[in-house]
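Just model19.pdb here, PDB, C-alpha atoms:
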ATOM      1  CA  MET A 114     -39.206 -86.725  92.020
ATOM      2  CA  THR A 115     -39.994 -89.279  94.710
ATOM      3  CA  GLY A 116     -41.010 -88.839  98.317
ATOM      4  CA  THR A 117     -43.147 -90.041 101.172
ATOM      5  CA  ALA A 118     -45.549 -88.556 103.702
ATOM      6  CA  ILE A 119     -44.611 -88.202 107.360
ATOM      7  CA  TYR A 120     -47.411 -88.397 109.921
ATOM      8  CA  SER A 121     -45.427 -89.505 112.967
ATOM      9  CA  TYR A 122     -43.770 -86.137 113.623
ATOM     10  CA  SER A 123     -40.502 -87.969 114.254
ATOM     11  CA  PRO A 124     -37.298 -86.259 113.061
ATOM     12  CA  ASN A 125     -35.673 -89.695 113.116
ATOM     13  CA  MET A 126     -38.283 -90.993 110.696
ATOM     14  CA  VAL A 127     -37.638 -88.008 108.421
ATOM     15  CA  GLU A 128     -33.930 -88.819 108.408
ATOM     16  CA  ALA A 129     -34.496 -92.547 107.827
ATOM     17  CA  ALA A 130     -36.790 -91.785 104.904
ATOM     18  CA  ALA A 131     -34.329 -89.289 103.476
ATOM     19  CA  PHE A 132     -31.454 -91.772 103.513
ATOM     20  CA  SER A 133     -33.500 -94.078 101.255
ATOM     21  CA  GLY A 134     -32.738 -91.750  98.352
ATOM     22  CA  ILE A 135     -36.069 -89.928  98.021
ATOM     23  CA  ASP A 136     -36.237 -86.267  97.035
ATOM     24  CA  PHE A 137     -38.891 -84.891  99.390
ATOM     25  CA  VAL A 138     -40.888 -85.568 102.520
ATOM     26  CA  ARG A 139     -44.403 -84.204 102.825
ATOM     27  CA  ILE A 140     -44.968 -83.409 106.480
ATOM     28  CA  ASP A 141     -48.637 -83.433 107.355
ATOM     29  CA  SER A 142     -49.971 -80.628 109.520
ATOM     30  CA  GLU A 143     -53.577 -80.749 108.326
ATOM     31  CA  HIS A 144     -54.608 -83.950 110.078
ATOM     32  CA  ALA A 145     -52.043 -83.736 112.858
ATOM     33  CA  TRP A 146     -52.409 -80.945 115.392
ATOM     34  CA  ARG A 147     -48.859 -79.699 115.905
ATOM     35  CA  ARG A 148     -48.096 -76.033 116.322
ATOM     36  CA  ASP A 149     -44.973 -76.327 118.428
ATOM     37  CA  GLU A 150     -41.236 -76.815 117.962
ATOM     38  CA  SER A 151     -41.691 -80.335 116.576
ATOM     39  CA  MET A 152     -42.239 -78.999 113.054
ATOM     40  CA  GLU A 153     -38.950 -77.094 113.201
ATOM     41  CA  HIS A 154     -37.127 -80.247 114.329
ATOM     42  CA  MET A 155     -38.565 -82.219 111.418
ATOM     43  CA  ILE A 156     -37.668 -79.556 108.878
ATOM     44  CA  ARG A 157     -34.115 -79.337 110.206
ATOM     45  CA  ALA A 158     -33.836 -83.129 110.010
ATOM     46  CA  ALA A 159     -34.937 -83.031 106.364
ATOM     47  CA  LEU A 160     -32.509 -80.259 105.472
ATOM     48  CA  LEU A 161     -29.599 -81.995 107.223
ATOM     49  CA  ALA A 162     -30.401 -85.259 105.432
ATOM     50  CA  GLY A 163     -30.606 -83.534 102.061
ATOM     51  CA  VAL A 164     -34.296 -83.774 101.157
ATOM     52  CA  THR A 165     -36.884 -81.074 100.556
ATOM     53  CA  PRO A 166     -39.440 -80.689 103.361
ATOM     54  CA  ILE A 167     -42.905 -79.894 101.998
ATOM     55  CA  VAL A 168     -45.456 -78.996 104.676
ATOM     56  CA  ARG A 169     -49.177 -79.493 104.200
ATOM     57  CA  ILE A 170     -50.740 -76.612 106.094
ATOM     58  CA  ASP A 171     -54.310 -75.668 106.955
ATOM     59  CA  ARG A 172     -56.101 -73.455 104.462
ATOM     60  CA  ASP A 173     -57.635 -70.028 105.202
ATOM     61  CA  ASP A 174     -54.803 -68.968 107.530
ATOM     62  CA  ALA A 175     -52.875 -66.203 105.786
ATOM     63  CA  TYR A 176     -49.920 -66.479 108.160
ATOM     64  CA  LEU A 177     -49.145 -70.186 107.841
ATOM     65  CA  PRO A 178     -47.355 -70.034 104.456
ATOM     66  CA  ARG A 179     -44.993 -67.375 105.775
ATOM     67  CA  LYS A 180     -44.369 -69.238 109.013
ATOM     68  CA  ALA A 181     -43.664 -72.515 107.212
ATOM     69  CA  PHE A 182     -41.191 -70.878 104.849
ATOM     70  CA  GLU A 183     -39.474 -68.947 107.605
ATOM     71  CA  ILE A 184     -38.655 -72.110 109.554
ATOM     72  CA  GLY A 185     -37.121 -73.667 106.464
ATOM     73  CA  ALA A 186     -39.853 -75.458 104.507
ATOM     74  CA  GLY A 187     -38.879 -76.029 100.905
ATOM     75  CA  GLY A 188     -42.518 -76.096  99.907
ATOM     76  CA  ILE A 189     -46.081 -75.885 101.138
ATOM     77  CA  VAL A 190     -49.260 -77.514  99.941
ATOM     78  CA  VAL A 191     -52.696 -76.141 100.815
ATOM     79  CA  PRO A 192     -55.789 -78.382 100.847
ATOM     80  CA  ASN A 193     -59.173 -78.062  99.167
ATOM     81  CA  VAL A 194     -58.622 -75.398  96.526
ATOM     82  CA  CYS A 195     -61.778 -75.007  94.449
ATOM     83  CA  THR A 196     -61.397 -71.699  92.588
ATOM     84  CA  ALA A 197     -58.753 -69.530  90.978
ATOM     85  CA  ASP A 198     -59.365 -66.953  93.720
ATOM     86  CA  ASP A 199     -58.458 -69.595  96.320
ATOM     87  CA  ALA A 200     -55.198 -70.275  94.490
ATOM     88  CA  SER A 201     -54.406 -66.575  94.047
ATOM     89  CA  ARG A 202     -54.817 -65.891  97.764
ATOM     90  CA  ILE A 203     -52.385 -68.687  98.583
ATOM     91  CA  VAL A 204     -49.766 -67.220  96.250
ATOM     92  CA  GLU A 205     -50.292 -63.772  97.767
ATOM     93  CA  ASP A 206     -49.737 -65.146 101.266
ATOM     94  CA  ALA A 207     -46.672 -67.165 100.250
ATOM     95  CA  ARG A 208     -44.756 -64.649  98.138
ATOM     96  CA  PHE A 209     -43.204 -61.249  98.763
ATOM     97  CA  PRO A 210     -44.173 -58.191  96.693
ATOM     98  CA  PRO A 211     -44.578 -57.754  93.791
ATOM     99  CA  LEU A 212     -45.853 -61.349  93.571
ATOM    100  CA  GLY A 213     -47.687 -61.316  96.886
ATOM    101  CA  ARG A 214     -48.115 -59.621 100.244
ATOM    102  CA  ARG A 215     -45.960 -61.719 102.557
ATOM    103  CA  GLY A 216     -44.455 -59.772 105.428
ATOM    104  CA  LEU A 217     -40.683 -59.320 105.641
ATOM    105  CA  GLY A 218     -38.665 -60.775 108.515
ATOM    106  CA  SER A 219     -35.298 -62.405 107.863
ATOM    107  CA  LEU A 220     -34.531 -63.305 111.497
ATOM    108  CA  CYS A 221     -35.358 -66.941 110.829
ATOM    109  CA  LEU A 222     -33.734 -70.111 109.515
ATOM    110  CA  SER A 223     -34.441 -69.504 105.821
ATOM    111  CA  GLY A 224     -33.120 -65.947 106.182
ATOM    112  CA  GLU A 225     -30.033 -67.308 107.965
ATOM    113  CA  TRP A 226     -31.039 -65.241 110.987
ATOM    114  CA  GLY A 227     -30.478 -61.988 109.123
ATOM    115  CA  ASN A 228     -27.245 -63.057 107.430
ATOM    116  CA  ARG A 229     -28.738 -63.076 103.934
ATOM    117  CA  LYS A 230     -29.085 -59.768 102.165
ATOM    118  CA  THR A 231     -32.729 -58.693 102.014
ATOM    119  CA  ARG A 232     -32.933 -58.480  98.235
ATOM    120  CA  GLU A 233     -31.241 -61.860  97.783
ATOM    121  CA  TRP A 234     -33.536 -63.526 100.307
ATOM    122  CA  VAL A 235     -36.703 -61.983  98.828
ATOM    123  CA  GLU A 236     -35.761 -62.991  95.294
ATOM    124  CA  TRP A 237     -34.856 -66.511  96.437
ATOM    125  CA  SER A 238     -38.090 -66.818  98.415
ATOM    126  CA  ASN A 239     -40.152 -65.719  95.412
ATOM    127  CA  GLY A 240     -38.456 -68.177  93.088
ATOM    128  CA  GLU A 241     -37.257 -71.289  94.904
ATOM    129  CA  PRO A 242     -39.646 -72.639  97.594
ATOM    130  CA  LEU A 243     -42.564 -74.540  96.070
ATOM    131  CA  VAL A 244     -46.208 -73.510  96.404
ATOM    132  CA  GLY A 245     -48.659 -76.353  95.928
ATOM    133  CA  ILE A 246     -52.411 -76.748  96.059
ATOM    134  CA  MET A 247     -54.732 -79.705  96.487
ATOM    135  CA  ILE A 248     -57.598 -80.615  94.194
ATOM    136  CA  GLU A 249     -59.899 -82.770  96.277
ATOM    137  CA  HIS A 250     -63.485 -81.645  95.744
ATOM    138  CA  VAL A 251     -65.861 -82.154  92.853
ATOM    139  CA  ASP A 252     -66.600 -78.408  92.766
ATOM    140  CA  ALA A 253     -63.002 -77.737  91.703
ATOM    141  CA  LEU A 254     -63.333 -79.628  88.431
ATOM    142  CA  GLU A 255     -65.258 -76.916  86.609
ATOM    143  CA  ASN A 256     -62.532 -74.412  87.562
ATOM    144  CA  LEU A 257     -59.455 -76.549  86.907
ATOM    145  CA  ASP A 258     -57.985 -74.640  83.984
ATOM    146  CA  ALA A 259     -58.444 -71.289  85.724
ATOM    147  CA  ILE A 260     -56.845 -72.657  88.909
ATOM    148  CA  MET A 261     -53.869 -74.130  87.056
ATOM    149  CA  ALA A 262     -53.313 -70.885  85.152
ATOM    150  CA  VAL A 263     -52.673 -68.902  88.364
ATOM    151  CA  PRO A 264     -49.051 -67.626  88.318
ATOM    152  CA  GLY A 265     -46.973 -68.750  91.278
ATOM    153  CA  ILE A 266     -48.542 -72.192  91.711
ATOM    154  CA  ASP A 267     -45.827 -74.811  91.161
ATOM    155  CA  PHE A 268     -47.590 -78.129  91.670
ATOM    156  CA  VAL A 269     -50.894 -79.792  92.433
ATOM    157  CA  LEU A 270     -51.596 -82.729  94.733
ATOM    158  CA  PHE A 271     -54.746 -84.689  93.960
ATOM    159  CA  GLY A 272     -56.596 -85.991  97.044
ATOM    160  CA  PRO A 273     -58.695 -89.048  96.164
ATOM    161  CA  GLY A 274     -60.098 -89.575  99.662
ATOM    162  CA  ASP A 275     -61.784 -86.222 100.112
ATOM    163  CA  PHE A 276     -62.733 -86.146  96.447
ATOM    164  CA  GLY A 277     -64.628 -89.401  96.899
ATOM    165  CA  VAL A 278     -66.430 -88.007  99.938
ATOM    166  CA  SER A 279     -67.381 -84.869  97.994
ATOM    167  CA  LEU A 280     -69.310 -87.050  95.530
ATOM    168  CA  ARG A 281     -71.863 -87.724  98.299
ATOM    169  CA  SER A 282     -72.234 -91.354  97.392
ATOM    170  CA  TRP A 283     -71.263 -94.657  98.981
ATOM    171  CA  ASP A 284     -71.329 -96.547  95.678
ATOM    172  CA  ALA A 285     -67.746 -97.844  95.525
ATOM    173  CA  ASP A 286     -67.746 -98.415  91.771
ATOM    174  CA  TYR A 287     -69.098 -94.932  91.094
ATOM    175  CA  ILE A 288     -66.554 -93.324  93.429
ATOM    176  CA  GLU A 289     -63.666 -95.220  91.835
ATOM    177  CA  SER A 290     -64.774 -94.333  88.323
ATOM    178  CA  GLU A 291     -65.324 -90.632  89.030
ATOM    179  CA  THR A 292     -62.096 -90.338  91.031
ATOM    180  CA  ARG A 293     -60.097 -91.900  88.216
ATOM    181  CA  LYS A 294     -61.600 -89.451  85.705
ATOM    182  CA  ALA A 295     -60.996 -86.479  88.013
ATOM    183  CA  LEU A 296     -57.359 -87.449  88.509
ATOM    184  CA  ALA A 297     -56.828 -87.716  84.749
ATOM    185  CA  GLN A 298     -58.525 -84.341  84.248
ATOM    186  CA  THR A 299     -56.360 -82.757  86.939
ATOM    187  CA  VAL A 300     -53.157 -84.161  85.467
ATOM    188  CA  ALA A 301     -54.052 -82.978  81.969
ATOM    189  CA  SER A 302     -54.901 -79.462  83.135
ATOM    190  CA  ALA A 303     -51.811 -79.180  85.302
ATOM    191  CA  ARG A 304     -49.399 -80.369  82.635
ATOM    192  CA  SER A 305     -50.907 -78.124  79.978
ATOM    193  CA  ASN A 306     -50.294 -75.186  82.321
ATOM    194  CA  GLY A 307     -46.739 -76.186  83.188
ATOM    195  CA  LYS A 308     -47.467 -77.428  86.725
ATOM    196  CA  HIS A 309     -46.021 -80.506  88.382
ATOM    197  CA  VAL A 310     -48.363 -83.202  89.702
ATOM    198  CA  MET A 311     -47.967 -85.009  93.023
ATOM    199  CA  PHE A 312     -49.953 -88.136  93.824
ATOM    200  CA  GLY A 313     -49.851 -90.822  96.487
ATOM    201  CA  VAL A 314     -49.002 -94.015  94.603
ATOM    202  CA  GLY A 315     -48.675 -96.315  97.599
ATOM    203  CA  MET A 316     -46.033 -99.048  97.426
ATOM    204  CA  ASP A 317     -47.308-101.134  94.519
ATOM    205  CA  ASP A 318     -44.872-101.263  91.587
ATOM    206  CA  ALA A 319     -47.635-101.617  89.002
ATOM    207  CA  ALA A 320     -49.384 -98.518  90.348
ATOM    208  CA  VAL A 321     -46.126 -96.582  90.212
ATOM    209  CA  GLU A 322     -45.552 -97.491  86.568
ATOM    210  CA  HIS A 323     -49.148 -96.639  85.657
ATOM    211  CA  HIS A 324     -49.099 -93.214  87.280
ATOM    212  CA  VAL A 325     -45.696 -92.281  85.881
ATOM    213  CA  SER A 326     -46.952 -93.067  82.388
ATOM    214  CA  SER A 327     -50.030 -90.914  83.030
ATOM    215  CA  GLY A 328     -47.922 -87.775  83.600
ATOM    216  CA  ILE A 329     -47.446 -87.705  87.386
ATOM    217  CA  ASP A 330     -43.894 -86.555  88.163
ATOM    218  CA  MET A 331     -43.939 -86.239  91.977
ATOM    219  CA  LEU A 332     -44.537 -89.730  93.346
ATOM    220  CA  GLU A 333     -45.423 -90.052  97.021
ATOM    221  CA  PHE A 334     -44.741 -93.547  98.347
ATOM    222  CA  SER A 335     -47.351 -94.075 101.056
ATOM    223  CA  HIS A 336     -46.997 -92.743 104.636
ATOM    224  CA  ASP A 337     -44.478 -93.586 107.329
ATOM    225  CA  VAL A 338     -47.056 -94.978 109.763
ATOM    226  CA  VAL A 339     -48.794 -97.008 107.028
ATOM    227  CA  ILE A 340     -45.520 -98.508 105.794
ATOM    228  CA  PHE A 341     -44.615 -99.457 109.370
ATOM    229  CA  ARG A 342     -48.038-100.947 110.124
ATOM    230  CA  GLN A 343     -48.219-102.914 106.887
ATOM    231  CA  ALA A 344     -44.730-104.335 107.368
ATOM    232  CA  LEU A 345     -45.705-105.564 110.835
ATOM    233  CA  GLU A 346     -49.017-106.954 109.589
ATOM    234  CA  ALA A 347     -47.179-109.008 106.969
ATOM    235  CA  LYS A 348     -44.848-110.442 109.603
ATOM    236  CA  VAL A 349     -47.733-111.227 111.954
ATOM    237  CA  ARG A 350     -49.502-113.120 109.172
ATOM    238  CA  ARG A 351     -46.355-115.088 108.355
ATOM    239  CA  PHE A 352     -45.902-115.952 112.032
ATOM    240  CA  ALA A 353     -49.518-117.118 112.327
ATOM    241  CA  GLU A 354     -49.168-119.228 109.194
ATOM    242  CA  ALA A 355     -45.939-120.784 110.447
ATOM    243  CA  ARG A 356     -47.625-121.915 113.700
ATOM    244  CA  ARG A 357     -50.477-123.720 111.973
TER     245      ARG A 357
END

Whole structure, structure tokens version:
Amino acid sequence: MTGTAIYSYSPNMVEAAAFSGIDFVRIDSEHAWRRDESMEHMIRAALLAGVTPIVRIDRDDAYLPRKAFEIGAGGIVVPNVCTADDASRIVEDARFPPLGRRGLGSLCLSGEWGNRKTREWVEWSNGEPLVGIMIEHVDALENLDAIMAVPGIDFVLFGPGDFGVSLRSWDADYIESETRKALAQTVASARSNGKHVMFGVGMDDAAVEHHVSSGIDMLEFSHDVVIFRQALEAKVRRFAEARR
């Protein structure tokens, strides 16, 4: 699967990305403060354009998984999971009984505003939308196998930025080395437990080939605002060079 991250909160950007042929868009709601109708507009744009909207939500809010799924998210991903108990709580919040404790309310987009039969909607909700977690702290490494063994977790997203910060060092070589080892450990644990692995591979073809060969099967091609900025930077450099 291929996708990209959306930080701009633009439904038009979601649609433009979707028409490129990707499979998913990961809409960020952890580092963007949006709790208004804009998320619903972005999810509708993704669904209309035929891609799966995956929403990164804040952790430790038991109601956010339900709310994201009710407005049509095809998946959620929760940051900074360090223990199996963390992962289990996320599944409980995201799934209906007997898998979890999510509250029932089909008067929403994913329930077709009450049109879907309750049993059908509950079974679909417990089996189809994706539940993902993030490994992004050094403390999670000693619990990886237990985390990945939690039933109901579908994929893991490794976060190199926060992982590097959790090492409490500014030695660039050390951070790069430890992050590389942690990513490999995460991939190995996830795949041995039947989980998919998402990772931000940027836009470099060599990096894409390397990470695919390492077992990553959900490739995230950079972020909308980064792609836009880098494209402009390249043109500005070419313009400056041409004037010399």

Can you pull out every residue within 12 Å of segment 224-226 of chain A, counting only C-alpha atoms, but drop anything in the same chain fewer than 4 positions away, and send it as a ChimeraX atom specification?
/A:179,182-186,217-220,230-238

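We find atom CA of Val278 of chain A and atom CA of Ala344 of chain A to be spaced 28.2 Å apart.
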
What does the distance between atom CA of Asp206 of chain A and atom CA of Val191 of chain A come to in Å, to one decimal place?
11.4 Å

Can you give me, as an MDAnalysis selection string, the residues this file yields under the PyMOL selection byres ((chain A and resi 121) around 12)?
chainID A and resid 118:120 122:127 139:142 144:147 151:152 155 336:341

Please list as a count of residues only every residue within 10 Å of segment 194-203 of chain A, counting all atoms listed in the file and excluding residues in the same chain fewer than 6 positions away.
32

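For the choices A:Ser290, A:Asn239, A:Asn228, A:Ser335, the atom-to-atom distance to Gly187 of chain A is smallest for A:Asn239 when using all atoms listed in the file.
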
What is the atom CA of Asp267 of chain A-atom CA of Lys308 of chain A distance in Å, reported with one decimal?
5.4 Å

For the structure shown, which residues end up in the PyMOL selection byres ((chain A and resi 304) around 10)? Put them as a list in words, please?
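After applying the PyMOL selection byres ((chain A and resi 304) around 10), what remains is Met261, Phe268, Val269, Thr299, Val300, Ala301, Ser302, Ala303, Ser305, Asn306, Gly307, Lys308, His309, Val310, Gly328, Ile329 and Asp330 of chain A.
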
Export of the given selection (C-alpha atoms) as a PDB file, in the frame of the given file:
ATOM      1  CA  MET A 261     -53.869 -74.130  87.056  1.00  0.00           C
ATOM      2  CA  PHE A 268     -47.590 -78.129  91.670  1.00  0.00           C
ATOM      3  CA  VAL A 269     -50.894 -79.792  92.433  1.00  0.00           C
ATOM      4  CA  THR A 299     -56.360 -82.757  86.939  1.00  0.00           C
ATOM      5  CA  VAL A 300     -53.157 -84.161  85.467  1.00  0.00           C
ATOM      6  CA  ALA A 301     -54.052 -82.978  81.969  1.00  0.00           C
ATOM      7  CA  SER A 302     -54.901 -79.462  83.135  1.00  0.00           C
ATOM      8  CA  ALA A 303     -51.811 -79.180  85.302  1.00  0.00           C
ATOM      9  CA  SER A 305     -50.907 -78.124  79.978  1.00  0.00           C
ATOM     10  CA  ASN A 306     -50.294 -75.186  82.321  1.00  0.00           C
ATOM     11  CA  GLY A 307     -46.739 -76.186  83.188  1.00  0.00           C
ATOM     12  CA  LYS A 308     -47.467 -77.428  86.725  1.00  0.00           C
ATOM     13  CA  HIS A 309     -46.021 -80.506  88.382  1.00  0.00           C
ATOM     14  CA  VAL A 310     -48.363 -83.202  89.702  1.00  0.00           C
ATOM     15  CA  GLY A 328     -47.922 -87.775  83.600  1.00  0.00           C
ATOM     16  CA  ILE A 329     -47.446 -87.705  87.386  1.00  0.00           C
ATOM     17  CA  ASP A 330     -43.894 -86.555  88.163  1.00  0.00           C
TER      18      ASP A 330
END

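Counting only C-alpha atoms, Gly216 of chain A has the following residues at most 10 Å away, ignoring those fewer than 4 positions along the same chain: Tyr176, Arg179, Asp206, Ala207, Arg208, Phe209 and Pro210 of chain A.
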
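When the PyMOL selection byres ((chain A and resi 333) around 10) is evaluated on the file shown here, the picked residues come out as Met114, Thr115, Gly116, Thr117, Ala118, Ile135, Asp136, Phe137, Val138, Arg139, Leu270, Met311, Phe312, Gly313, Val314, Gly315, Met316, Val321, Asp330, Met331, Leu332, Phe334, Ser335 and His336 of chain A.
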
Extract segment 271-290 of chain A from the preceding block and save N, CA, C and O atoms as a PDB file, in the first residue's frame.
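The resulting decode.pdb:
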ATOM      1  N   PHE A 271       6.137   3.360  12.714  1.00  0.00           N
ATOM      2  CA  PHE A 271       7.323   3.712  13.490  1.00  0.00           C
ATOM      3  C   PHE A 271       7.595   5.199  13.322  1.00  0.00           C
ATOM      4  O   PHE A 271       7.599   5.728  12.213  1.00  0.00           O
ATOM      5  N   GLY A 272       7.828   5.899  14.471  1.00  0.00           N
ATOM      6  CA  GLY A 272       8.091   7.332  14.455  1.00  0.00           C
ATOM      7  C   GLY A 272       9.535   7.635  14.794  1.00  0.00           C
ATOM      8  O   GLY A 272       9.909   7.664  15.974  1.00  0.00           O
ATOM      9  N   PRO A 273      10.389   7.859  13.791  1.00  0.00           N
ATOM     10  CA  PRO A 273      11.810   8.069  14.064  1.00  0.00           C
ATOM     11  C   PRO A 273      12.121   9.367  14.804  1.00  0.00           C
ATOM     12  O   PRO A 273      13.085   9.433  15.561  1.00  0.00           O
ATOM     13  N   GLY A 274      11.329  10.408  14.574  1.00  0.00           N
ATOM     14  CA  GLY A 274      11.610  11.691  15.215  1.00  0.00           C
ATOM     15  C   GLY A 274      11.516  11.625  16.724  1.00  0.00           C
ATOM     16  O   GLY A 274      12.475  11.942  17.450  1.00  0.00           O
ATOM     17  N   ASP A 275      10.358  11.207  17.223  1.00  0.00           N
ATOM     18  CA  ASP A 275      10.177  11.115  18.665  1.00  0.00           C
ATOM     19  C   ASP A 275      11.053  10.024  19.272  1.00  0.00           C
ATOM     20  O   ASP A 275      11.487  10.142  20.418  1.00  0.00           O
ATOM     21  N   PHE A 276      11.290   8.962  18.501  1.00  0.00           N
ATOM     22  CA  PHE A 276      12.188   7.927  19.028  1.00  0.00           C
ATOM     23  C   PHE A 276      13.568   8.511  19.280  1.00  0.00           C
ATOM     24  O   PHE A 276      14.180   8.261  20.330  1.00  0.00           O
ATOM     25  N   GLY A 277      14.061   9.300  18.330  1.00  0.00           N
ATOM     26  CA  GLY A 277      15.378   9.913  18.507  1.00  0.00           C
ATOM     27  C   GLY A 277      15.430  10.811  19.731  1.00  0.00           C
ATOM     28  O   GLY A 277      16.405  10.789  20.487  1.00  0.00           O
ATOM     29  N   VAL A 278      14.356  11.579  19.942  1.00  0.00           N
ATOM     30  CA  VAL A 278      14.300  12.455  21.116  1.00  0.00           C
ATOM     31  C   VAL A 278      14.298  11.635  22.402  1.00  0.00           C
ATOM     32  O   VAL A 278      14.911  12.018  23.406  1.00  0.00           O
ATOM     33  N   SER A 279      13.625  10.484  22.378  1.00  0.00           N
ATOM     34  CA  SER A 279      13.532   9.659  23.591  1.00  0.00           C
ATOM     35  C   SER A 279      14.883   9.075  24.006  1.00  0.00           C
ATOM     36  O   SER A 279      15.039   8.628  25.145  1.00  0.00           O
ATOM     37  N   LEU A 280      15.857   9.099  23.100  1.00  0.00           N
ATOM     38  CA  LEU A 280      17.192   8.595  23.435  1.00  0.00           C
ATOM     39  C   LEU A 280      17.968   9.559  24.333  1.00  0.00           C
ATOM     40  O   LEU A 280      19.007   9.200  24.891  1.00  0.00           O
ATOM     41  N   ARG A 281      17.489  10.791  24.427  1.00  0.00           N
ATOM     42  CA  ARG A 281      18.090  11.813  25.300  1.00  0.00           C
ATOM     43  C   ARG A 281      19.554  12.060  24.951  1.00  0.00           C
ATOM     44  O   ARG A 281      20.422  12.137  25.831  1.00  0.00           O
ATOM     45  N   SER A 282      19.799  12.170  23.691  1.00  0.00           N
ATOM     46  CA  SER A 282      21.154  12.441  23.213  1.00  0.00           C
ATOM     47  C   SER A 282      21.059  13.324  21.981  1.00  0.00           C
ATOM     48  O   SER A 282      20.082  13.266  21.238  1.00  0.00           O
ATOM     49  N   TRP A 283      22.099  14.154  21.784  1.00  0.00           N
ATOM     50  CA  TRP A 283      22.166  14.974  20.579  1.00  0.00           C
ATOM     51  C   TRP A 283      23.300  14.511  19.677  1.00  0.00           C
ATOM     52  O   TRP A 283      23.724  15.229  18.776  1.00  0.00           O
ATOM     53  N   ASP A 284      23.800  13.305  19.921  1.00  0.00           N
ATOM     54  CA  ASP A 284      24.828  12.710  19.072  1.00  0.00           C
ATOM     55  C   ASP A 284      24.145  12.138  17.827  1.00  0.00           C
ATOM     56  O   ASP A 284      23.468  11.107  17.883  1.00  0.00           O
ATOM     57  N   ALA A 285      24.310  12.801  16.694  1.00  0.00           N
ATOM     58  CA  ALA A 285      23.584  12.437  15.478  1.00  0.00           C
ATOM     59  C   ALA A 285      23.875  11.012  15.029  1.00  0.00           C
ATOM     60  O   ALA A 285      22.959  10.279  14.611  1.00  0.00           O
ATOM     61  N   ASP A 286      25.131  10.601  15.117  1.00  0.00           N
ATOM     62  CA  ASP A 286      25.491   9.249  14.693  1.00  0.00           C
ATOM     63  C   ASP A 286      24.843   8.198  15.589  1.00  0.00           C
ATOM     64  O   ASP A 286      24.357   7.163  15.115  1.00  0.00           O
ATOM     65  N   TYR A 287      24.840   8.468  16.891  1.00  0.00           N
ATOM     66  CA  TYR A 287      24.220   7.542  17.838  1.00  0.00           C
ATOM     67  C   TYR A 287      22.718   7.442  17.587  1.00  0.00           C
ATOM     68  O   TYR A 287      22.150   6.339  17.558  1.00  0.00           O
ATOM     69  N   ILE A 288      22.075   8.584  17.392  1.00  0.00           N
ATOM     70  CA  ILE A 288      20.627   8.600  17.146  1.00  0.00           C
ATOM     71  C   ILE A 288      20.298   7.819  15.875  1.00  0.00           C
ATOM     72  O   ILE A 288      19.373   6.998  15.851  1.00  0.00           O
ATOM     73  N   GLU A 289      21.067   8.066  14.814  1.00  0.00           N
ATOM     74  CA  GLU A 289      20.798   7.371  13.549  1.00  0.00           C
ATOM     75  C   GLU A 289      20.972   5.869  13.699  1.00  0.00           C
ATOM     76  O   GLU A 289      20.145   5.079  13.217  1.00  0.00           O
ATOM     77  N   SER A 290      22.027   5.466  14.381  1.00  0.00           N
ATOM     78  CA  SER A 290      22.292   4.040  14.560  1.00  0.00           C
ATOM     79  C   SER A 290      21.197   3.360  15.384  1.00  0.00           C
ATOM     80  O   SER A 290      20.681   2.290  15.007  1.00  0.00           O
TER      81      SER A 290
END
